[in-house]
$ cat input-v3.tsv   # TSV, C-alpha atoms and all ligand atoms
chain	number	residue	atom	x	y	z
T	8	MET	CA	10.51	-4.75	9.57
T	9	GLY	CA	7.71	-4.89	7.05
T	10	VAL	CA	7.23	-1.93	4.73
T	11	MET	CA	3.74	-1.47	3.29
T	12	GLY	CA	3.81	1.22	0.64
T	13	GLY	CA	0.63	2.53	-0.89
T	14	THR	CA	-1.39	5.50	-1.97
T	15	PHE	CA	-3.98	4.63	0.69
T	16	ASP	CA	-6.62	6.82	-0.95
T	17	PRO	CA	-8.35	5.52	1.17
T	18	ILE	CA	-6.69	2.73	3.20
T	19	HIS	CA	-8.96	-0.37	3.32
T	20	HIS	CA	-9.14	-3.81	4.88
T	21	GLY	CA	-7.26	-5.41	1.96
T	22	HIS	CA	-4.17	-3.38	2.93
T	23	LEU	CA	-4.57	-4.20	6.62
T	24	VAL	CA	-5.04	-7.93	6.10
T	25	ALA	CA	-1.99	-8.09	3.79
T	26	ALA	CA	0.16	-6.31	6.39
T	27	SER	CA	-1.13	-8.43	9.25
T	28	GLU	CA	-0.66	-11.72	7.39
T	29	VAL	CA	2.90	-10.88	6.39
T	30	GLN	CA	3.73	-9.65	9.91
T	31	SER	CA	2.61	-12.98	11.31
T	32	TRP	CA	4.12	-15.13	8.53
T	33	PHE	CA	7.62	-13.69	8.98
T	34	ASP	CA	7.20	-12.84	12.66
T	35	LEU	CA	8.10	-9.22	11.93
T	36	ASP	CA	8.64	-6.79	14.79
T	37	GLU	CA	6.78	-4.05	13.02
T	38	VAL	CA	5.06	-3.12	9.78
T	39	ILE	CA	5.64	0.45	8.69
T	40	PHE	CA	2.90	1.86	6.47
T	41	VAL	CA	4.31	4.43	4.07
T	42	PRO	CA	1.76	6.60	2.28
T	43	THR	CA	3.19	7.82	-1.02
T	44	GLY	CA	3.86	11.41	-1.86
T	45	ALA	CA	2.83	12.04	-5.45
T	46	PRO	CA	2.58	8.50	-6.90
T	47	TRP	CA	4.22	8.52	-10.34
T	48	GLN	CA	2.01	5.69	-11.62
T	49	LYS	CA	-1.06	7.75	-10.78
T	50	ALA	CA	-0.04	11.06	-12.34
T	51	ASP	CA	-3.18	10.87	-14.48
T	52	ARG	CA	-5.68	11.25	-11.64
T	53	GLU	CA	-6.27	13.59	-8.71
T	54	VAL	CA	-4.90	11.93	-5.60
T	55	SER	CA	-6.23	13.18	-2.26
T	56	ASP	CA	-4.09	15.49	-0.21
T	57	ALA	CA	-1.18	13.62	1.40
T	58	GLU	CA	-2.20	14.75	4.90
T	59	HIS	CA	-5.64	13.18	4.49
T	60	ARG	CA	-4.12	9.91	3.28
T	61	TYR	CA	-1.57	10.00	6.09
T	62	LEU	CA	-4.20	10.63	8.78
T	63	MET	CA	-6.52	7.90	7.46
T	64	THR	CA	-3.55	5.52	7.62
T	65	VAL	CA	-2.82	6.56	11.22
T	66	ILE	CA	-6.47	6.06	12.20
T	67	ALA	CA	-6.66	2.65	10.52
T	68	THR	CA	-3.47	1.32	12.12
T	69	ALA	CA	-3.67	2.97	15.56
T	70	ALA	CA	-5.01	-0.06	17.45
T	71	ASN	CA	-2.31	-2.49	16.29
T	72	PRO	CA	0.85	-2.27	18.44
T	73	ARG	CA	2.93	-3.67	15.56
T	74	PHE	CA	1.74	-1.14	12.99
T	75	THR	CA	3.32	2.30	12.54
T	76	VAL	CA	3.12	4.98	9.86
T	77	SER	CA	6.06	6.81	8.29
T	78	ARG	CA	6.06	10.23	6.64
T	79	VAL	CA	9.27	9.61	4.63
T	80	ASP	CA	7.49	9.62	1.28
T	81	ILE	CA	5.05	12.44	1.92
T	82	ASP	CA	7.78	14.68	3.33
T	83	ARG	CA	10.07	14.13	0.30
T	84	ASP	CA	9.44	16.44	-2.65
T	85	GLY	CA	8.57	15.09	-6.05
T	86	PRO	CA	7.11	11.78	-7.17
T	87	THR	CA	7.57	8.74	-4.94
T	88	PHE	CA	9.86	5.96	-6.10
T	89	THR	CA	10.11	2.84	-3.94
T	90	ILE	CA	13.90	2.93	-4.26
T	91	ASP	CA	13.94	6.25	-2.34
T	92	THR	CA	11.54	4.89	0.29
T	93	LEU	CA	13.81	1.93	0.94
T	94	ARG	CA	17.00	4.02	0.96
T	95	ASP	CA	15.48	6.46	3.47
T	96	LEU	CA	14.19	3.70	5.73
T	97	GLN	CA	17.50	1.89	5.61
T	98	THR	CA	19.32	5.07	6.63
T	99	ARG	CA	16.97	5.49	9.57
T	100	LEU	CA	16.99	1.81	10.55
T	101	PRO	CA	20.46	0.58	9.55
T	102	ASP	CA	20.12	-2.73	11.41
T	103	ALA	CA	16.69	-3.67	10.12
T	104	ASP	CA	15.93	-6.38	7.57
T	105	LEU	CA	13.32	-4.84	5.33
T	106	TYR	CA	10.42	-6.81	3.84
T	107	PHE	CA	8.57	-4.79	1.23
T	108	ILE	CA	4.94	-5.91	1.05
T	109	THR	CA	2.99	-5.62	-2.19
T	110	GLY	CA	-0.11	-7.06	-3.78
T	111	ALA	CA	0.14	-9.30	-6.83
T	112	ASP	CA	-0.67	-6.39	-9.14
T	113	ALA	CA	2.15	-4.21	-7.85
T	114	LEU	CA	4.70	-7.02	-7.77
T	115	GLY	CA	3.88	-7.84	-11.39
T	116	ASN	CA	4.86	-4.29	-12.34
T	117	ILE	CA	8.11	-4.31	-10.48
T	118	PHE	CA	10.35	-4.15	-13.53
T	119	THR	CA	8.83	-0.88	-14.54
T	120	TRP	CA	9.99	0.44	-11.17
T	121	ARG	CA	13.07	2.61	-11.00
T	122	ASP	CA	16.38	0.86	-10.18
T	123	ALA	CA	14.81	-2.60	-9.94
T	124	PRO	CA	18.08	-4.51	-9.31
T	125	GLU	CA	19.01	-2.31	-6.35
T	126	LEU	CA	15.51	-2.76	-4.92
T	127	PHE	CA	16.24	-6.42	-4.32
T	128	GLU	CA	19.45	-5.58	-2.49
T	129	LEU	CA	17.69	-3.20	-0.13
T	130	ALA	CA	14.73	-5.40	0.74
T	131	ARG	CA	13.07	-8.75	0.36
T	132	PHE	CA	9.79	-8.58	-1.49
T	133	VAL	CA	6.63	-10.27	-0.34
T	134	GLY	CA	3.88	-10.58	-2.93
T	135	CYS	CA	0.39	-11.13	-1.53
T	136	THR	CA	-2.38	-12.74	-3.53
T	137	ARG	CA	-5.07	-10.32	-4.63
T	138	PRO	CA	-8.40	-11.23	-6.24
T	139	GLY	CA	-8.49	-10.32	-9.93
T	140	TYR	CA	-4.71	-10.43	-10.41
T	141	GLU	CA	-2.74	-13.48	-11.42
T	142	LEU	CA	0.96	-13.65	-10.76
T	143	ASP	CA	2.56	-15.81	-13.35
T	144	GLU	CA	5.91	-17.28	-12.46
T	145	GLU	CA	7.41	-15.94	-15.69
T	146	MET	CA	7.02	-12.37	-14.51
T	147	LEU	CA	9.07	-13.26	-11.47
T	148	ALA	CA	11.75	-15.09	-13.41
T	149	ASP	CA	14.21	-12.17	-13.29
T	150	ILE	CA	13.79	-11.60	-9.57
T	151	PRO	CA	16.44	-13.31	-7.43
T	152	SER	CA	14.37	-16.12	-5.91
T	153	GLU	CA	15.81	-15.77	-2.41
T	154	ARG	CA	14.61	-12.17	-2.35
T	155	VAL	CA	10.94	-12.74	-3.12
T	156	THR	CA	8.23	-14.76	-1.42
T	157	LEU	CA	4.62	-15.17	-2.45
T	158	VAL	CA	2.11	-15.40	0.36
T	159	GLU	CA	-1.48	-16.48	-0.01
T	160	ILE	CA	-3.71	-14.23	2.06
T	161	PRO	CA	-7.49	-14.31	2.63
T	162	ALA	CA	-9.03	-12.87	-0.53
T	163	LEU	CA	-10.58	-9.44	-0.14
T	164	ALA	CA	-11.82	-7.97	-3.41
T	165	ILE	CA	-11.50	-4.42	-2.13
T	166	SER	CA	-9.72	-1.58	-3.91
T	167	SER	CA	-9.36	2.10	-3.10
T	168	THR	CA	-10.69	2.87	-6.58
T	169	ASP	CA	-13.90	1.00	-5.78
T	170	CYS	CA	-14.20	2.75	-2.39
T	171	ARG	CA	-13.84	6.18	-4.05
T	172	GLN	CA	-16.38	5.31	-6.74
T	173	ARG	CA	-18.82	4.05	-4.13
T	174	LYS	CA	-18.61	7.35	-2.26
T	175	GLN	CA	-19.02	9.25	-5.51
T	176	ARG	CA	-22.16	7.23	-6.28
T	177	GLY	CA	-23.50	7.72	-2.76
T	178	GLU	CA	-23.00	4.04	-1.84
T	179	PRO	CA	-21.62	2.82	1.51
T	180	VAL	CA	-18.01	1.93	2.26
T	181	TRP	CA	-18.83	0.56	5.70
T	182	TYR	CA	-16.88	-2.64	6.48
T	183	LEU	CA	-14.65	-2.17	3.45
T	184	VAL	CA	-12.57	0.40	5.35
T	185	PRO	CA	-12.19	0.73	9.15
T	186	ASP	CA	-14.99	2.59	10.95
T	187	GLY	CA	-12.74	5.54	11.80
T	188	VAL	CA	-11.87	5.93	8.13
T	189	VAL	CA	-15.57	5.92	7.15
T	190	GLN	CA	-16.07	8.75	9.63
T	191	TYR	CA	-12.96	10.63	8.51
T	192	ILE	CA	-14.12	10.49	4.87
T	193	ALA	CA	-17.53	11.85	5.87
T	194	LYS	CA	-16.09	14.57	8.09
T	195	HIS	CA	-13.84	15.92	5.33
T	196	ASP	CA	-16.21	15.13	2.46
T	197	LEU	CA	-13.55	13.21	0.54
T	198	TYR	CA	-14.64	11.67	-2.79
T	199	PRO	CA	-17.78	13.82	-3.16
T	200	ALA	CA	-20.45	12.88	-5.65
T	201	GLU	CA	-19.62	14.08	-9.12
T	202	PRO	CA	-22.15	16.65	-10.31
T	203	THR	CA	-24.52	15.06	-12.82
T	204	SER	CA	-24.74	16.99	-16.04
K	1	LIG	P1	-6.10	2.04	-6.22
K	1	LIG	O1	-7.36	1.36	-6.65
K	1	LIG	O2	-6.24	3.52	-5.99
K	1	LIG	O3	-4.89	1.67	-7.03
K	1	LIG	P2	-5.44	0.01	-4.27
K	1	LIG	O4	-6.62	-0.59	-3.60
K	1	LIG	O5	-4.79	-0.76	-5.36
K	1	LIG	O6	-5.82	1.49	-4.73
K	1	LIG	P3	-2.90	0.95	-3.36
K	1	LIG	O7	-2.72	2.05	-2.37
K	1	LIG	O8	-2.69	1.20	-4.81
K	1	LIG	O9	-4.41	0.38	-3.14
K	1	LIG	O10	-2.10	-0.35	-2.93
K	1	LIG	C1	-1.05	-0.41	-2.01
K	1	LIG	C2	-0.55	-1.85	-1.95
K	1	LIG	O11	-1.57	-2.71	-1.40
K	1	LIG	C3	-0.23	-2.45	-3.33
K	1	LIG	O12	0.92	-3.26	-3.20
K	1	LIG	C4	-1.45	-3.29	-3.64
K	1	LIG	O13	-1.14	-4.35	-4.51
K	1	LIG	C5	-1.83	-3.80	-2.25
K	1	LIG	N1	-3.26	-4.11	-2.15
K	1	LIG	C6	-4.28	-3.25	-2.30
K	1	LIG	N2	-5.47	-3.85	-2.13
K	1	LIG	C7	-5.21	-5.16	-1.89
K	1	LIG	C8	-6.05	-6.32	-1.65
K	1	LIG	N3	-7.38	-6.21	-1.64
K	1	LIG	N4	-5.43	-7.50	-1.42
K	1	LIG	C9	-4.07	-7.59	-1.45
K	1	LIG	N5	-3.22	-6.54	-1.66
K	1	LIG	C10	-3.78	-5.34	-1.89
K	2	MG	MG	-3.43	0.12	-6.66

$ encode --input "input-v3.tsv" --output "structure tokens"
Amino acid sequence: MGVMGGTFDPIHHGHLVAASEVQSWFDLDEVIFVPTGAPWQKADREVSDAEHRYLMTVIATAANPRFTVSRVDIDRDGPTFTIDTLRDLQTRLPDADLYFITGADALGNIFTWRDAPELFELARFVGCTRPGYELDEEMLADIPSERVTLVEIPALAISSTDCRQRKQRGEPVWYLVPDGVVQYIAKHDLYPAEPTS
């Protein structure tokens, strides 16, 4: 099982390509997308309502029979820590081998994550290349090498931050996010233009 954690505010094609590449690379039965509850690294900015982020993730993944979405993080109170995500998923899927999928930026931060040593017992980590972020081997030196794999994926210089800013500036997000997500954002007026003062 792949586990793709993220804020998904909004979900975009960079997330979907990473999940699809890792699914195929490791021949995974399924990739579970797990939208975060309150992301502790992002306490400094307004994150969209969890239900919006959850529904955009469902819309974006609906057509892929190997993609599913889990509510474990959004239904747990308090900030989301990956250690809790993995513990909850392991309880629900005791026989599964978990592969936690991250981009190079997130993998680089892993030692600031809570309970890092236990993380590597609960799951293997798959770091995907991401334009604009270098992964130097030194950062990975403390990670048990049999528990982490780096995978080169087609480069998509897309971020949720850029998608939000585009909407706020009145610019398109077509083809950066799935069509249904473009329509969902418009329907609910997410990321409205900031009033000019
Ligand atoms: P934000 O700009 O709000 O931080 P983001 O685009 O980084 O959003 P997240 O929800 O923070 O998206 O990321 C979830 C996971 O997806 C992280 O592990 C991140 O590294 C990875 N990821 C996001 N965008 C890409 C991309 N374009 N290529 C590869 N991995 C990505
Ligand atoms: Mg991010």

$ residues_near_point --input "input-v3.tsv" --point "(-0.7, -5.2, 5.8)" --cutoff "9 Å" --atoms "all atoms listed in the file" --output "list in words"
Gly9, Val10, Met11, His20, Gly21, His22, Leu23, Val24, Ala25, Ala26, Ser27, Glu28, Val29, Gln30, Val38, Ile39, Phe40, Phe74, Ile108 and Thr109 of chain T

$ residues_near_point --input "input-v3.tsv" --point "(14.5, 1.4, -2.3)" --cutoff "12 Å" --atoms "all atoms listed in the file" --output "VMD selection string"
chain T and resid 10 12 79 to 80 87 to 98 105 to 107 117 120 to 132

$ closest_residue --input "input-v3.tsv" --among "T:Ile165, T:Cys135, T:Ile18, T:Leu35" --to "His59 of chain T" --atoms "all atoms listed in the file"
T:Ile18

$ residues_around --input "input-v3.tsv" --residues "Thr136 of chain T" --least-positions-apart "4" --cutoff "10 Å" --atoms "all atoms listed in the file" --output "list of chain:residue names"
T:Ala25, T:Thr109, T:Gly110, T:Ala111, T:Asp112, T:Tyr140, T:Glu141, T:Leu142, T:Leu157, T:Val158, T:Glu159, T:Ile160, T:Pro161, T:Ala162, T:Leu163

$ write_last_selection --input "input-v3.tsv" --atoms "C-alpha atoms" --output "short mmCIF file (atom, residue, chain, number, x, y, z; two decimals), keeping the file's coordinate frame"
data_model
loop_
_atom_site.label_atom_id
_atom_site.label_comp_id
_atom_site.auth_asym_id
_atom_site.auth_seq_id
_atom_site.Cartn_x
_atom_site.Cartn_y
_atom_site.Cartn_z
CA ALA T 25 -1.99 -8.09 3.79
CA THR T 109 2.99 -5.62 -2.19
CA GLY T 110 -0.11 -7.06 -3.78
CA ALA T 111 0.14 -9.30 -6.83
CA ASP T 112 -0.67 -6.39 -9.14
CA TYR T 140 -4.71 -10.43 -10.41
CA GLU T 141 -2.74 -13.48 -11.42
CA LEU T 142 0.96 -13.65 -10.76
CA LEU T 157 4.62 -15.17 -2.45
CA VAL T 158 2.11 -15.40 0.36
CA GLU T 159 -1.48 -16.48 -0.01
CA ILE T 160 -3.71 -14.23 2.06
CA PRO T 161 -7.49 -14.31 2.63
CA ALA T 162 -9.03 -12.87 -0.53
CA LEU T 163 -10.58 -9.44 -0.14
#

$ closest_residue --input "input-v3.tsv" --among "T:Leu147, T:Val65, T:Leu183, T:Cys170" --to "ligand MG 2 (chain K)" --atoms "all atoms listed in the file"
T:Cys170

$ atom_distance --input "input-v3.tsv" --atom1 "atom CA of Val133 of chain T" --atom2 "atom O11 of ligand LIG 1 (chain K)"
11.2 Å

$ residues_around --input "input-v3.tsv" --residues "segment 194-202 of chain T" --least-positions-apart "5" --cutoff "7 Å" --atoms "all atoms listed in the file" --output "list in words"
Arg171, Lys174, Gln175, Arg176 and Gly177 of chain T

$ residues_near_ligand --input "input-v3.tsv" --ligand "ligand MG 2 (chain K)" --cutoff "10 Å" --atoms "only C-alpha atoms and all ligand atoms" --output "PyMOL selection string"
chain T and resi 13-16+48-49+109-110+112-113+166-168

$ decode --input "input-v3.tsv" --residues "segment 67-118 of chain T" --atoms "C-alpha atoms" --output "mmCIF file, in the first residue's frame"
data_model
loop_
_atom_site.group_PDB
_atom_site.id
_atom_site.type_symbol
_atom_site.label_atom_id
_atom_site.label_comp_id
_atom_site.auth_asym_id
_atom_site.auth_seq_id
_atom_site.Cartn_x
_atom_site.Cartn_y
_atom_site.Cartn_z
ATOM 1 C CA ALA T 67 -9.102 14.038 -8.396
ATOM 2 C CA THR T 68 -8.565 10.345 -7.648
ATOM 3 C CA ALA T 69 -12.019 8.946 -8.494
ATOM 4 C CA ALA T 70 -11.149 7.612 -11.956
ATOM 5 C CA ASN T 71 -8.113 5.570 -10.853
ATOM 6 C CA PRO T 72 -9.105 2.120 -9.526
ATOM 7 C CA ARG T 73 -5.870 1.951 -7.494
ATOM 8 C CA PHE T 74 -6.371 5.289 -5.747
ATOM 9 C CA THR T 75 -8.432 5.704 -2.566
ATOM 10 C CA VAL T 76 -8.801 8.477 -0.003
ATOM 11 C CA SER T 77 -8.704 8.062 3.776
ATOM 12 C CA ARG T 78 -10.254 10.320 6.406
ATOM 13 C CA VAL T 79 -7.971 9.113 9.245
ATOM 14 C CA ASP T 80 -6.175 12.433 9.574
ATOM 15 C CA ILE T 81 -9.124 14.756 9.103
ATOM 16 C CA ASP T 82 -11.246 12.786 11.572
ATOM 17 C CA ARG T 83 -8.530 12.878 14.279
ATOM 18 C CA ASP T 84 -8.527 15.977 16.474
ATOM 19 C CA GLY T 85 -5.507 18.204 16.718
ATOM 20 C CA PRO T 86 -2.541 18.726 14.424
ATOM 21 C CA THR T 87 -1.570 15.925 12.052
ATOM 22 C CA PHE T 88 1.656 14.043 12.675
ATOM 23 C CA THR T 89 2.702 11.399 10.153
ATOM 24 C CA ILE T 90 3.472 8.988 12.993
ATOM 25 C CA ASP T 91 -0.245 8.975 13.936
ATOM 26 C CA THR T 92 -1.277 8.525 10.291
ATOM 27 C CA LEU T 93 0.942 5.471 9.956
ATOM 28 C CA ARG T 94 -0.116 3.994 13.312
ATOM 29 C CA ASP T 95 -3.802 4.374 12.407
ATOM 30 C CA LEU T 96 -3.359 2.876 8.954
ATOM 31 C CA GLN T 97 -1.354 -0.010 10.334
ATOM 32 C CA THR T 98 -4.099 -0.761 12.855
ATOM 33 C CA ARG T 99 -6.671 -0.802 10.077
ATOM 34 C CA LEU T 100 -4.491 -2.750 7.626
ATOM 35 C CA PRO T 101 -2.345 -4.986 9.846
ATOM 36 C CA ASP T 102 -1.070 -7.105 6.944
ATOM 37 C CA ALA T 103 -0.119 -4.253 4.647
ATOM 38 C CA ASP T 104 3.411 -3.124 3.829
ATOM 39 C CA LEU T 105 3.215 0.642 3.894
ATOM 40 C CA TYR T 106 5.156 2.875 1.492
ATOM 41 C CA PHE T 107 4.966 6.514 2.514
ATOM 42 C CA ILE T 108 5.313 8.746 -0.537
ATOM 43 C CA THR T 109 6.804 12.222 -0.230
ATOM 44 C CA GLY T 110 8.375 14.841 -2.439
ATOM 45 C CA ALA T 111 12.038 15.749 -2.057
ATOM 46 C CA ASP T 112 11.150 18.807 0.037
ATOM 47 C CA ALA T 113 9.167 16.823 2.591
ATOM 48 C CA LEU T 114 11.677 13.986 2.801
ATOM 49 C CA GLY T 115 14.436 16.510 3.471
ATOM 50 C CA ASN T 116 12.510 17.696 6.535
ATOM 51 C CA ILE T 117 11.902 14.271 7.923
ATOM 52 C CA PHE T 118 14.083 14.663 10.993
#
